[in-house]
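Enquirer: Please read through the structure below; I'll follow up with questions.
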Amino acid sequence: MFCSPTYKQNSNVLGREKVKIPINALVATMYVRNVTITDIKKESTGIYTLFFDHSFKFVPGQYVMVWIRGVDEIPMSLSYANGITVRVVGDATAALCDLGAGDTLGIRGPYGNGFKSTQPPTLLVAGGVGAAPLASYADAFQASVMTILGARTKDELLFVKRFKDAGPLLTATDDGSAGHAGSVVDLLRHVRGYNEILCCGPEKMMYAVLQDALARSIPSQFSLHRYVKCGIGLCGACCIDESGLRTCVDGPVFTETQLSGGEFGTYMRDASGRKREL
Ligand SMILES: Cc1cc2nc3c(=O)[nH]c(=O)nc-3n(C[C@H](O)[C@H](O)[C@H](O)COP(=O)(O)OP(=O)(O)OC[C@H]3O[C@@H](n4cnc5c(N)ncnc54)[C@H](O)[C@@H]3O)c2cc1C
Ligand code: FES
């Protein structure tokens, strides 16, 4: 398949239209970089940041495909140019966080579009491990951001110093152990002085932020988690109803207009493509 220097035409044996695939671009896109883990930091119970011996050039909000050899390959946002922050939820994330300094991983990417500020000042709304892509945004755009950061409990509030260094910070916890007792959405009403919202977190939370943003006509962007397999727009696993937009290449960051009226906030598809209520 990768024999032609520039293009190879698919055969027409099935009577389908011929498609030109830019082979060189595809090969470059699929390149797997071997990285060595230099350090692992425990952020909280079940949440770890893994640092690599390589820094990636990326736009905050982009993700990489992380190959844990012998286990699985999974998508992870870059929380640093040389790091990812992982919540243990299943086999692959547990195996990833069991690794130590000196172990190696295969990394493809960075992939996807990332957040793009159009009219600062910007309000960042982060929930749980959704703080990972927004913390790198805060690092890059200090002085033009304010943040609402939420988690289940105080210990799970991620990257508090990074967000504080970038601008005003409000926090919310489900159990009331820090900041407002309740959701980040409750705090939205109390914050003024921003022109746009960038958001990442549990989808129900993001859906509530979307409703608030739409009601007040505030431009907003949301980083979506869908089942990502190939990461390069070929397999269709990550498509969103009704638009058909692919999370892996058209996203993972989408605008309020792209997400309105579709599956966002109601369901996603599992590994086999079956609908799963959120
Ligand atoms: C663009 C993007 C960025 C992400 N960034 C982060 C991050 O920074 N930190 C973090 O902790 N998690 C992140 N995730 C989620 C992470 O990929 C999943 O938690 C992980 O794949 C779970 O794998 P598992 O084998 O441990 O769990 P499993 O038991 O296999 O699955 C647990 C749940 O994780 C989700 N999941 C499983 N496999 C995938 C997959 N290939 N693609 C997407 N979701 C999957 C499903 O909802 C599933 O129900 C991101 C997902 C996407 C799509
Ligand atoms: S994961 Fe294959 S098209 Fe998006």
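Following the order of the structure tokens, chains are lettered A, B, ..., residues in each are numbered from 1, and ligands are numbered from 1.
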For the contact check between chain A and ligand 1, emit one row per residue of chain A within 8 Å, containing the shortest atom pair and the distance in Å rounded to one decimal, counting only C-alpha atoms and all ligand atoms, chain then rising number order, as a Markdown table.
Expert:
```
| residue | atom | partner | partner_atom_place_in_ligand_line | distance |
| --- | --- | --- | --- | --- |
| A:Ile47 | CA | ligand 1 | 11 (O) | 7.4 |
| A:Gln62 | CA | ligand 1 | 1 (C) | 7.2 |
| A:Tyr63 | CA | ligand 1 | 1 (C) | 5.5 |
| A:Val64 | CA | ligand 1 | 3 (C) | 7.8 |
| A:Asp72 | CA | ligand 1 | 25 (O) | 7.1 |
| A:Glu73 | CA | ligand 1 | 41 (N) | 6.8 |
| A:Ile74 | CA | ligand 1 | 41 (N) | 4.6 |
| A:Pro75 | CA | ligand 1 | 17 (O) | 4.3 |
| A:Met76 | CA | ligand 1 | 5 (N) | 3.6 |
| A:Ser77 | CA | ligand 1 | 8 (O) | 3.9 |
| A:Leu78 | CA | ligand 1 | 8 (O) | 6.4 |
| A:Ser79 | CA | ligand 1 | 8 (O) | 6.7 |
| A:Ile84 | CA | ligand 1 | 8 (O) | 6.1 |
| A:Thr85 | CA | ligand 1 | 9 (N) | 5.2 |
| A:Val86 | CA | ligand 1 | 11 (O) | 3.5 |
| A:Arg87 | CA | ligand 1 | 11 (O) | 3.7 |
| A:Val88 | CA | ligand 1 | 26 (O) | 6.0 |
| A:Val89 | CA | ligand 1 | 26 (O) | 4.8 |
| A:Gly90 | CA | ligand 1 | 26 (O) | 3.2 |
| A:Asp91 | CA | ligand 1 | 25 (O) | 4.2 |
| A:Ala92 | CA | ligand 1 | 25 (O) | 3.6 |
| A:Thr93 | CA | ligand 1 | 26 (O) | 3.7 |
| A:Ala94 | CA | ligand 1 | 26 (O) | 5.9 |
| A:Ala95 | CA | ligand 1 | 26 (O) | 7.8 |
| A:Gly112 | CA | ligand 1 | 1 (C) | 7.8 |
| A:Val129 | CA | ligand 1 | 9 (N) | 5.6 |
| A:Gly130 | CA | ligand 1 | 8 (O) | 6.6 |
| A:Ala132 | CA | ligand 1 | 8 (O) | 5.4 |
| A:Pro133 | CA | ligand 1 | 8 (O) | 6.7 |
| A:Ser223 | CA | ligand 1 | 1 (C) | 7.2 |
| A:Leu224 | CA | ligand 1 | 1 (C) | 6.5 |
| A:His225 | CA | ligand 1 | 53 (C) | 3.9 |
| A:Arg226 | CA | ligand 1 | 53 (C) | 4.7 |
| A:Tyr227 | CA | ligand 1 | 43 (C) | 3.6 |
| A:Val228 | CA | ligand 1 | 42 (N) | 3.9 |
| A:Lys229 | CA | ligand 1 | 41 (N) | 5.2 |
| A:Thr247 | CA | ligand 1 | 1 (C) | 7.3 |
| A:Cys248 | CA | ligand 1 | 1 (C) | 6.7 |
| A:Gly251 | CA | ligand 1 | 1 (C) | 7.9 |
| A:Pro252 | CA | ligand 1 | 1 (C) | 5.3 |
| A:Asp270 | CA | ligand 1 | 46 (C) | 6.7 |
| A:Ala271 | CA | ligand 1 | 38 (N) | 7.2 |
```
Enquirer: Give me a file of those residues, with C-alpha atoms, as a short mmCIF file (atom, residue, chain, number, x, y, z; two decimals), in the first residue's frame.
Expert:
```
data_model
loop_
_atom_site.label_atom_id
_atom_site.label_comp_id
_atom_site.auth_asym_id
_atom_site.auth_seq_id
_atom_site.Cartn_x
_atom_site.Cartn_y
_atom_site.Cartn_z
CA ILE A 47 -4.77 10.50 38.27
CA GLN A 62 -4.74 18.53 20.42
CA TYR A 63 -4.30 14.90 21.44
CA VAL A 64 -1.89 12.04 20.80
CA ASP A 72 -3.97 -0.99 23.59
CA GLU A 73 -3.63 2.34 21.81
CA ILE A 74 -5.72 5.18 23.30
CA PRO A 75 -6.21 8.95 22.78
CA MET A 76 -4.83 11.39 25.38
CA SER A 77 -4.72 15.20 25.36
CA LEU A 78 -1.31 16.77 25.83
CA SER A 79 -1.35 18.44 29.25
CA ILE A 84 -0.14 13.57 29.41
CA THR A 85 -2.41 13.42 32.45
CA VAL A 86 -4.32 10.18 32.82
CA ARG A 87 -7.33 9.16 34.91
CA VAL A 88 -7.41 5.41 35.48
CA VAL A 89 -10.76 4.11 34.20
CA GLY A 90 -9.97 0.71 32.65
CA ASP A 91 -7.30 -1.69 31.40
CA ALA A 92 -5.28 0.64 29.15
CA THR A 93 -5.19 3.60 31.52
CA ALA A 94 -4.31 1.28 34.44
CA ALA A 95 -1.47 -0.28 32.43
CA GLY A 112 -6.96 17.15 15.79
CA VAL A 129 -9.29 15.45 33.88
CA GLY A 130 -10.77 17.87 31.30
CA ALA A 132 -5.52 18.65 30.97
CA PRO A 133 -5.91 20.41 27.58
CA SER A 223 -13.47 19.30 23.56
CA LEU A 224 -15.39 16.10 22.89
CA HIS A 225 -14.45 12.59 23.99
CA ARG A 226 -15.66 9.98 21.51
CA TYR A 227 -14.36 6.50 20.81
CA VAL A 228 -11.23 7.20 18.76
CA LYS A 229 -9.61 4.26 16.97
CA THR A 247 -14.02 13.78 16.43
CA CYS A 248 -10.48 12.67 15.58
CA GLY A 251 -12.35 17.95 16.41
CA PRO A 252 -11.86 17.07 19.17
CA ASP A 270 -19.19 2.35 22.12
CA ALA A 271 -16.31 0.37 20.62
#
```
Enquirer: Taking only C-alpha atoms and all ligand atoms into account, which residues are within 8 Å of ligand 2, as a PyMOL selection string?
Expert: chain A and resi 227-239+246-249
Enquirer: Which residue gives the smallest distance to Gln221 of chain A among A:Gly114, A:Gly46, A:Gly100, A:Gly167, with only C-alpha atoms counted?
Expert: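 Between A:Gly114, A:Gly46, A:Gly100, A:Gly167, the residue approaching Gln221 of chain A most closely is A:Gly114.
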Enquirer: Need the shell around Asn82 of chain A: protein/DNA/RNA residues with any atom at most 12 Å away, counting only C-alpha atoms. Skip same-chain ones fewer than 6 positions apart. Format as a list in words?
Expert: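 Within the cut-off, the hits are Val35, Thr36, Ile37, Thr38, Asp39, Ile40, Thr49, Leu50, Phe51, Phe52, Asp53, His54, Ser55, Phe56, Lys57, Phe58, Tyr63, Val64, Ile107, Pro110 and Ser136 of chain A.
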Enquirer: Per residue of segment 33-137 of chain A within 7 Å of segment 196-207 of chain A, which atom pair is closest and at what distance in Å (one decimal), using only C-alpha atoms, listed by chain and increasing number, as a Markdown table?
Expert:
```
| residue | atom | partner | partner_atom | distance |
| --- | --- | --- | --- | --- |
| A:Gln119 | CA | A:Glu196 | CA | 6.5 |
| A:Pro120 | CA | A:Glu196 | CA | 6.8 |
| A:Thr122 | CA | A:Glu196 | CA | 5.1 |
| A:Leu123 | CA | A:Ile197 | CA | 4.8 |
| A:Leu124 | CA | A:Leu198 | CA | 4.9 |
| A:Val125 | CA | A:Cys199 | CA | 4.7 |
| A:Ala126 | CA | A:Cys200 | CA | 5.2 |
| A:Gly127 | CA | A:Gly201 | CA | 4.2 |
| A:Gly128 | CA | A:Gly201 | CA | 6.1 |
| A:Val129 | CA | A:Gly201 | CA | 6.8 |
| A:Gly130 | CA | A:Gly201 | CA | 4.2 |
| A:Ala131 | CA | A:Cys200 | CA | 6.7 |
```
Enquirer: Suppose we keep N, CA and C atoms; can you now write the selection as a CSV table (one decimal), in the first residue's frame?
Expert:
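selection.csv, written as the output of this step:
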```
chain,number,residue,atom,x,y,z
A,119,GLN,N,-11.8,35.7,20.4
A,119,GLN,CA,-12.1,37.1,21.0
A,119,GLN,C,-11.8,37.1,22.5
A,120,PRO,N,-10.6,37.1,22.9
A,120,PRO,CA,-10.3,37.2,24.4
A,120,PRO,C,-10.9,38.5,25.0
A,122,THR,N,-10.9,35.2,27.7
A,122,THR,CA,-11.5,33.9,27.5
A,122,THR,C,-11.8,33.3,28.9
A,123,LEU,N,-12.9,32.6,29.0
A,123,LEU,CA,-13.2,31.9,30.2
A,123,LEU,C,-13.0,30.4,30.0
A,124,LEU,N,-12.1,29.8,30.8
A,124,LEU,CA,-11.9,28.4,30.7
A,124,LEU,C,-12.8,27.7,31.7
A,125,VAL,N,-13.5,26.7,31.3
A,125,VAL,CA,-14.4,25.9,32.2
A,125,VAL,C,-13.9,24.4,32.1
A,126,ALA,N,-13.3,24.0,33.2
A,126,ALA,CA,-12.7,22.6,33.2
A,126,ALA,C,-13.3,21.8,34.3
A,127,GLY,N,-13.6,20.5,33.9
A,127,GLY,CA,-14.1,19.6,34.9
A,127,GLY,C,-13.2,18.3,34.9
A,128,GLY,N,-12.8,17.9,36.1
A,128,GLY,CA,-12.0,16.7,36.3
A,128,GLY,C,-10.7,16.7,35.4
A,129,VAL,N,-10.5,15.6,34.7
A,129,VAL,CA,-9.3,15.5,33.9
A,129,VAL,C,-9.4,16.3,32.6
A,130,GLY,N,-10.6,16.9,32.4
A,130,GLY,CA,-10.8,17.9,31.3
A,130,GLY,C,-9.9,19.1,31.5
A,131,ALA,N,-9.3,19.2,32.7
A,131,ALA,CA,-8.4,20.3,32.9
A,131,ALA,C,-7.1,20.2,32.1
```
Enquirer: For Tyr267 of chain A, list every protein, DNA or RNA residue within 9 Å, evaluated using only C-alpha atoms, and leave out those in the same chain fewer than 4 positions away; present the list as a list in words.
Expert: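 The filter keeps Glu263, Lys275, Arg276, Glu277 and Leu278 of chain A.
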Enquirer: Take the residues just selected and output them with C-alpha atoms as a tab-separated table (two decimals), in the first residue's frame.
Expert:
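So result-v7.tsv came out as:
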```
chain	number	residue	atom	x	y	z
A	263	GLU	CA	-26.11	13.70	19.80
A	275	LYS	CA	-25.39	3.85	20.94
A	276	ARG	CA	-24.69	4.30	24.66
A	277	GLU	CA	-26.73	6.79	26.72
A	278	LEU	CA	-24.61	9.28	28.62
```
